[in-house]
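Data from upload00.tsv: TSV, C-alpha atoms and all ligand atoms
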```tsv
chain	number	residue	atom	x	y	z
I	1	MET	CA	10.16	-2.74	-18.35
I	2	SER	CA	9.80	-3.51	-14.63
I	3	HIS	CA	8.41	-6.67	-13.09
I	4	PHE	CA	5.20	-4.80	-12.27
I	5	ASP	CA	4.85	-3.26	-15.75
I	6	ASP	CA	4.81	-6.80	-17.03
I	7	LYS	CA	2.15	-7.94	-14.52
I	8	ALA	CA	-0.19	-4.95	-14.78
I	9	ARG	CA	-2.60	-6.10	-17.53
I	10	ALA	CA	-3.43	-9.35	-15.72
I	11	TRP	CA	-3.33	-7.95	-12.15
I	12	ASP	CA	-7.08	-7.59	-11.59
I	13	VAL	CA	-7.79	-11.07	-12.95
I	14	ASN	CA	-6.21	-12.63	-9.85
I	15	PRO	CA	-9.03	-13.32	-7.33
I	16	VAL	CA	-6.53	-13.39	-4.43
I	17	PHE	CA	-5.38	-9.84	-5.20
I	18	ARG	CA	-9.00	-8.64	-5.40
I	19	ASP	CA	-10.01	-10.45	-2.22
I	20	ARG	CA	-6.90	-9.18	-0.39
I	21	ALA	CA	-7.61	-5.57	-1.41
I	22	ASN	CA	-11.26	-5.83	-0.31
I	23	GLN	CA	-10.29	-7.23	3.10
I	24	ILE	CA	-7.65	-4.54	3.61
I	25	ALA	CA	-10.13	-1.84	2.55
I	26	ALA	CA	-12.64	-3.15	5.12
I	27	ALA	CA	-9.95	-3.11	7.82
I	28	ILE	CA	-8.93	0.47	6.97
I	29	ALA	CA	-12.58	1.52	7.17
I	30	ALA	CA	-12.79	-0.14	10.59
I	31	GLU	CA	-9.61	1.54	11.90
I	32	VAL	CA	-9.92	5.08	10.49
I	33	PRO	CA	-12.91	7.47	10.75
I	34	LEU	CA	-13.20	7.99	6.99
I	35	HIS	CA	-15.04	10.97	5.53
I	36	THR	CA	-15.51	12.57	2.13
I	37	GLY	CA	-13.37	15.58	3.07
I	38	MET	CA	-10.22	13.48	3.42
I	39	ALA	CA	-7.31	13.98	1.01
I	40	VAL	CA	-5.76	10.55	0.47
I	41	LEU	CA	-2.54	9.08	-0.95
I	42	ASP	CA	-2.55	5.41	-2.03
I	43	TYR	CA	1.19	4.71	-2.36
I	44	GLY	CA	2.19	1.77	-4.57
I	45	CYS	CA	-1.43	1.70	-5.73
I	46	GLY	CA	-0.93	-0.74	-8.62
I	47	THR	CA	-4.21	-0.86	-10.54
I	48	GLY	CA	-6.11	0.78	-7.67
I	49	LEU	CA	-7.67	-2.40	-6.25
I	50	LEU	CA	-7.54	-0.98	-2.71
I	51	SER	CA	-8.80	2.51	-3.53
I	52	PHE	CA	-11.84	1.62	-5.64
I	53	PRO	CA	-13.78	0.00	-2.74
I	54	LEU	CA	-13.03	3.06	-0.52
I	55	ARG	CA	-13.64	5.85	-3.02
I	56	ASP	CA	-17.25	6.73	-2.07
I	57	ARG	CA	-16.11	7.40	1.51
I	58	LEU	CA	-13.10	9.63	0.71
I	59	GLY	CA	-12.30	13.01	-0.85
I	60	THR	CA	-9.54	13.76	-3.35
I	61	MET	CA	-7.53	10.58	-3.97
I	62	THR	CA	-3.98	10.51	-5.33
I	63	LEU	CA	-3.07	7.02	-6.54
I	64	ALA	CA	0.71	6.85	-6.94
I	65	ASP	CA	3.01	4.17	-8.28
I	66	SER	CA	6.44	3.87	-9.87
I	67	SER	CA	5.25	1.43	-12.57
I	68	ALA	CA	4.13	2.96	-15.87
I	69	GLY	CA	2.30	-0.29	-16.72
I	70	MET	CA	0.25	-0.23	-13.52
I	71	LEU	CA	-0.57	3.47	-14.00
I	72	GLU	CA	-1.72	2.87	-17.58
I	73	VAL	CA	-4.24	0.23	-16.44
I	74	LEU	CA	-5.30	2.43	-13.52
I	75	ALA	CA	-5.85	5.47	-15.74
I	76	GLU	CA	-8.11	3.40	-17.99
I	77	LYS	CA	-10.15	2.22	-14.99
I	78	ILE	CA	-10.54	5.76	-13.64
I	79	ALA	CA	-11.57	7.03	-17.09
I	80	ALA	CA	-14.07	4.17	-17.49
I	81	GLU	CA	-15.69	5.10	-14.15
I	82	GLY	CA	-15.58	8.82	-14.99
I	83	ASP	CA	-14.31	9.42	-11.47
I	84	ALA	CA	-13.17	13.03	-11.11
I	85	HIS	CA	-11.79	12.72	-7.58
I	86	MET	CA	-9.28	9.91	-8.35
I	87	HIS	CA	-5.94	10.90	-9.87
I	88	ALA	CA	-3.19	8.56	-11.08
I	89	CYS	CA	0.36	9.82	-10.66
I	90	ARG	CA	3.88	8.46	-11.15
I	91	LEU	CA	5.83	8.74	-7.93
I	92	ASP	CA	8.79	6.98	-6.34
I	93	LEU	CA	9.44	8.50	-2.93
I	94	MET	CA	12.88	6.86	-2.85
I	95	THR	CA	14.12	9.04	-5.71
I	96	ASP	CA	11.59	11.80	-6.48
I	97	PRO	CA	11.21	15.09	-4.61
I	98	VAL	CA	8.54	14.95	-1.88
I	99	PRO	CA	5.29	16.39	-3.33
I	100	ALA	CA	4.00	19.68	-1.94
I	101	GLN	CA	0.53	18.31	-1.16
I	102	ARG	CA	-0.31	17.05	2.35
I	103	TYR	CA	-2.78	14.29	3.18
I	104	ASP	CA	-5.26	13.27	5.87
I	105	LEU	CA	-4.70	9.60	5.12
I	106	ILE	CA	-1.91	7.61	3.46
I	107	TYR	CA	-2.36	3.91	2.83
I	108	THR	CA	-0.10	1.43	1.13
I	109	SER	CA	-0.70	-2.23	0.42
I	110	MET	CA	1.97	-4.88	-0.25
I	111	THR	CA	4.41	-2.16	-1.35
I	112	LEU	CA	6.58	-1.48	1.72
I	113	HIS	CA	8.53	-4.73	1.27
I	114	HIS	CA	9.55	-3.50	-2.21
I	115	VAL	CA	10.92	-0.21	-0.84
I	116	PRO	CA	14.58	-0.56	0.20
I	117	ASP	CA	14.78	2.07	2.98
I	118	THR	CA	11.93	1.57	5.47
I	119	GLU	CA	13.08	4.30	7.86
I	120	HIS	CA	13.24	6.83	5.02
I	121	ILE	CA	9.79	6.01	3.66
I	122	LEU	CA	8.21	6.16	7.14
I	123	ARG	CA	9.74	9.60	7.75
I	124	THR	CA	8.51	10.73	4.32
I	125	PHE	CA	4.98	9.45	5.04
I	126	TYR	CA	5.08	11.38	8.32
I	127	ASP	CA	6.09	14.58	6.51
I	128	LEU	CA	3.34	14.08	3.92
I	129	LEU	CA	0.61	13.79	6.55
I	130	LEU	CA	-1.31	16.68	8.05
I	131	PRO	CA	-1.42	16.82	11.87
I	132	GLY	CA	-4.00	14.25	13.02
I	133	GLY	CA	-3.54	12.29	9.79
I	134	TYR	CA	-3.44	8.50	9.56
I	135	LEU	CA	-0.98	6.06	8.02
I	136	CYS	CA	-2.15	2.52	7.17
I	137	ILE	CA	0.39	-0.06	6.01
I	138	ALA	CA	-0.71	-3.51	4.88
I	139	ASP	CA	2.15	-5.94	4.33
I	140	LEU	CA	3.50	-9.39	5.00
I	141	ASP	CA	4.47	-10.54	8.44
I	142	GLN	CA	8.10	-11.60	8.64
I	143	GLU	CA	8.67	-14.76	6.60
I	144	ASP	CA	11.63	-16.94	5.61
I	145	GLY	CA	12.02	-15.62	2.06
I	146	SER	CA	9.90	-18.33	0.48
I	147	PHE	CA	7.08	-15.90	-0.39
I	148	HIS	CA	8.88	-14.43	-3.41
I	149	GLY	CA	11.60	-17.05	-3.86
I	150	ILE	CA	15.34	-16.78	-4.37
I	151	GLU	CA	15.29	-14.10	-7.09
I	152	TYR	CA	14.02	-11.54	-4.54
I	153	ASP	CA	16.41	-10.14	-1.94
I	154	LEU	CA	14.66	-7.19	-0.31
I	155	HIS	CA	12.44	-7.35	2.83
I	156	HIS	CA	11.02	-10.75	3.75
I	157	GLY	CA	7.98	-9.19	5.40
I	158	PHE	CA	8.24	-7.25	8.65
I	159	ASP	CA	8.44	-8.00	12.33
I	160	ARG	CA	5.54	-6.03	13.85
I	161	THR	CA	7.46	-4.85	16.93
I	162	THR	CA	10.39	-3.63	14.83
I	163	LEU	CA	8.14	-1.84	12.32
I	164	GLY	CA	6.14	-0.24	15.14
I	165	ALA	CA	9.38	1.01	16.71
I	166	LEU	CA	10.53	2.46	13.36
I	167	ALA	CA	7.17	4.24	12.97
I	168	HIS	CA	7.53	5.61	16.48
I	169	ALA	CA	11.07	6.82	15.67
I	170	ALA	CA	9.68	8.53	12.55
I	171	GLY	CA	7.35	10.54	14.81
I	172	PHE	CA	4.12	8.53	14.89
I	173	ALA	CA	2.47	8.65	18.31
I	174	GLU	CA	0.55	5.40	18.32
I	175	THR	CA	0.60	2.21	16.25
I	176	ARG	CA	-1.93	-0.63	16.15
I	177	PHE	CA	-1.63	-3.96	14.34
I	178	ARG	CA	-4.21	-6.49	13.22
I	179	THR	CA	-4.12	-9.49	10.91
I	180	VAL	CA	-6.26	-8.76	7.85
I	181	PHE	CA	-5.59	-11.55	5.35
I	182	GLU	CA	-3.69	-14.75	4.67
I	183	ILE	CA	-2.10	-15.50	1.31
I	184	VAL	CA	-1.92	-19.25	0.79
I	185	LYS	CA	0.71	-20.59	-1.60
I	186	ASP	CA	1.26	-24.17	-2.66
I	187	ARG	CA	4.68	-25.41	-1.60
I	188	ALA	CA	6.42	-28.77	-2.11
I	189	GLU	CA	5.60	-29.62	1.53
I	190	GLY	CA	1.92	-28.54	1.12
I	191	PRO	CA	-0.07	-25.29	1.33
I	192	ARG	CA	1.58	-22.51	3.30
I	193	ALA	CA	-0.15	-19.42	4.72
I	194	TYR	CA	1.54	-16.00	4.77
I	195	PRO	CA	-0.33	-13.58	7.07
I	196	VAL	CA	-0.82	-9.95	6.09
I	197	PHE	CA	-1.04	-7.28	8.81
I	198	LEU	CA	-2.51	-3.81	8.82
I	199	MET	CA	-0.55	-1.27	10.85
I	200	THR	CA	-2.45	1.94	11.64
I	201	ALA	CA	-0.52	4.91	12.97
I	202	CYS	CA	-1.49	8.49	13.71
I	203	ARG	CA	0.47	11.71	13.27
I	204	ALA	CA	-0.04	13.83	16.40
W	1	LIG	C1	2.52	-6.06	-4.83
W	1	LIG	S1	2.06	-4.65	-5.76
W	1	LIG	C2	0.64	-4.08	-4.85
W	1	LIG	C3	-0.28	-3.22	-5.68
W	1	LIG	C4	-1.54	-2.76	-4.96
W	1	LIG	N1	-1.23	-1.95	-3.80
W	1	LIG	C5	-2.38	-3.94	-4.55
W	1	LIG	O1	-2.51	-4.20	-3.35
W	1	LIG	O2	-2.97	-4.58	-5.45
W	1	LIG	C6	3.32	-3.47	-5.30
W	1	LIG	C7	3.20	-2.14	-6.05
W	1	LIG	O3	4.16	-1.24	-5.52
W	1	LIG	C8	4.75	-0.52	-6.59
W	1	LIG	N2	6.05	-0.06	-6.15
W	1	LIG	C9	7.16	-0.81	-5.86
W	1	LIG	N3	8.15	-0.01	-5.47
W	1	LIG	C10	7.68	1.26	-5.47
W	1	LIG	C11	8.23	2.52	-5.16
W	1	LIG	N4	9.50	2.67	-4.76
W	1	LIG	N5	7.44	3.62	-5.29
W	1	LIG	C12	6.16	3.52	-5.72
W	1	LIG	N6	5.58	2.34	-6.03
W	1	LIG	C13	6.33	1.23	-5.91
W	1	LIG	C14	4.79	-1.52	-7.73
W	1	LIG	O4	4.93	-0.89	-8.99
W	1	LIG	C15	3.46	-2.24	-7.54
W	1	LIG	O5	2.42	-1.62	-8.24
```
Show me the file's structure as structure tokens.
Amino acid sequence: MSHFDDKARAWDVNPVFRDRANQIAAAIAAEVPLHTGMAVLDYGCGTGLLSFPLRDRLGTMTLADSSAGMLEVLAEKIAAEGDAHMHACRLDLMTDPVPAQRYDLIYTSMTLHHVPDTEHILRTFYDLLLPGGYLCIADLDQEDGSFHGIEYDLHHGFDRTTLGALAHAAGFAETRFRTVFEIVKDRAEGPRAYPVFLMTACRA
């Protein structure tokens, strides 16, 4: 059982996760001209907190995650809503073959820092987008490792300039960044804020 399998049942109870997803959804809606004809991939969707607020403005939605626990909760939520245009699917783009489907919009929230190879995932996102398609990445700004603590040794957030350059190298023509949320954690020295950015990029 993965860390996220374990967390899935209680995920939506956390008001910070709900608030964060709503703020990111609002920022995506401000950055991208959404419409109901858009085919969308929510990568690392968790329980779908980001996709539910956007669903009335989008077309077919593929909600993908590597965690069986997250997907189980998500499938129950989709079934409860009777939503025929949202589909839960198990996918890890680090190890699985790239799906045949192409998308008008890919978004991913708080997942990129869990993916070891950033260059690889950016190139894969590029390949999965249709020409003119959008990529939106919400994640932590670079931090000192205190966000997750010592048991975590992957990415400690991202430097915006470096991530923008990697997106450019993957083929994206234009990248924009904005701050969309702050996660505040209590530390021994007092409360500490960890900003979350939204990067929007377009495939020419
Ligand atoms: C911090 S949670 C964010 C969940 C959701 N996007 C949200 O904002 O509430 C990160 C999610 O990424 C998923 N994840 C981590 N590595 C992944 C990978 N390689 N492929 C697909 N999903 C992954 C985890 O299972 C988890 O659901």
Taking all atoms of ligand LIG 1 (chain W) that appear in the file, build a box with edges along x, y and z, extend it by 8 Å on every side, and state its centre and edge lengths in Å to one decimal, as lines of an AutoDock Vina configuration file.
```
center_x = 3.3
center_y = -1.2
center_z = -6.2
size_x = 28.5
size_y = 25.7
size_z = 21.6
```
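Among the candidates I:Gln142, I:Asn14, I:Thr161, I:Thr108, the residue lying nearest to Ile28 (chain I) is I:Thr108 (atoms considered: all atoms listed in the file).
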Can you tell me, as a ChimeraX atom specification, what residues are no more than 12 Å from His87 (chain I) when counting only C-alpha atoms, ignoring any on the same chain fewer than 5 positions away? /I:39-42,45,47-48,51-52,55,59-65,71-72,74-79,82
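Going from atom C13 of ligand LIG 1 (chain W) to CA of Cys89 (chain I) covers 11.5 Å.
Restricting the calculation to only C-alpha atoms, the smallest distance between Val180 (chain I) and any of I:Gly157, I:Ser109, I:Pro99, I:Pro33 is found for I:Ser109.
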Will you model N, CA and C atoms for region 147-165 of chain I and pass it back as a tab-separated table (two decimals), in the frame of the given file?
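Output contents, as saved in result33.tsv:
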```tsv
chain	number	residue	atom	x	y	z
I	147	PHE	N	8.24	-16.54	0.25
I	147	PHE	CA	7.08	-15.90	-0.39
I	147	PHE	C	7.39	-15.53	-1.84
I	148	HIS	N	8.52	-14.83	-2.05
I	148	HIS	CA	8.88	-14.43	-3.41
I	148	HIS	C	9.83	-15.42	-4.07
I	149	GLY	N	10.62	-16.13	-3.28
I	149	GLY	CA	11.60	-17.05	-3.86
I	149	GLY	C	12.98	-16.43	-3.94
I	150	ILE	N	13.93	-17.18	-4.49
I	150	ILE	CA	15.34	-16.78	-4.37
I	150	ILE	C	15.73	-15.57	-5.22
I	151	GLU	N	14.90	-15.24	-6.23
I	151	GLU	CA	15.29	-14.10	-7.09
I	151	GLU	C	15.03	-12.76	-6.40
I	152	TYR	N	14.39	-12.78	-5.23
I	152	TYR	CA	14.02	-11.54	-4.54
I	152	TYR	C	14.86	-11.40	-3.28
I	153	ASP	N	15.52	-10.25	-3.11
I	153	ASP	CA	16.41	-10.14	-1.94
I	153	ASP	C	16.17	-8.87	-1.12
I	154	LEU	N	14.94	-8.34	-1.17
I	154	LEU	CA	14.66	-7.19	-0.31
I	154	LEU	C	14.04	-7.67	1.01
I	155	HIS	N	13.00	-6.98	1.51
I	155	HIS	CA	12.44	-7.35	2.83
I	155	HIS	C	11.60	-8.63	2.73
I	156	HIS	N	11.85	-9.54	3.65
I	156	HIS	CA	11.02	-10.75	3.75
I	156	HIS	C	9.95	-10.48	4.80
I	157	GLY	N	9.00	-9.61	4.45
I	157	GLY	CA	7.98	-9.19	5.40
I	157	GLY	C	8.60	-8.35	6.51
I	158	PHE	N	7.80	-8.12	7.55
I	158	PHE	CA	8.24	-7.25	8.65
I	158	PHE	C	7.85	-7.84	10.00
I	159	ASP	N	8.76	-7.70	10.94
I	159	ASP	CA	8.44	-8.00	12.33
I	159	ASP	C	7.61	-6.82	12.87
I	160	ARG	N	6.46	-7.11	13.45
I	160	ARG	CA	5.54	-6.03	13.85
I	160	ARG	C	6.17	-5.09	14.89
I	161	THR	N	6.87	-5.68	15.86
I	161	THR	CA	7.46	-4.85	16.93
I	161	THR	C	8.51	-3.91	16.35
I	162	THR	N	9.33	-4.45	15.44
I	162	THR	CA	10.39	-3.63	14.83
I	162	THR	C	9.78	-2.52	13.97
I	163	LEU	N	8.76	-2.85	13.18
I	163	LEU	CA	8.14	-1.84	12.32
I	163	LEU	C	7.45	-0.76	13.17
I	164	GLY	N	6.79	-1.20	14.24
I	164	GLY	CA	6.14	-0.24	15.14
I	164	GLY	C	7.16	0.71	15.75
I	165	ALA	N	8.33	0.17	16.12
I	165	ALA	CA	9.38	1.01	16.71
I	165	ALA	C	9.92	2.00	15.67
```
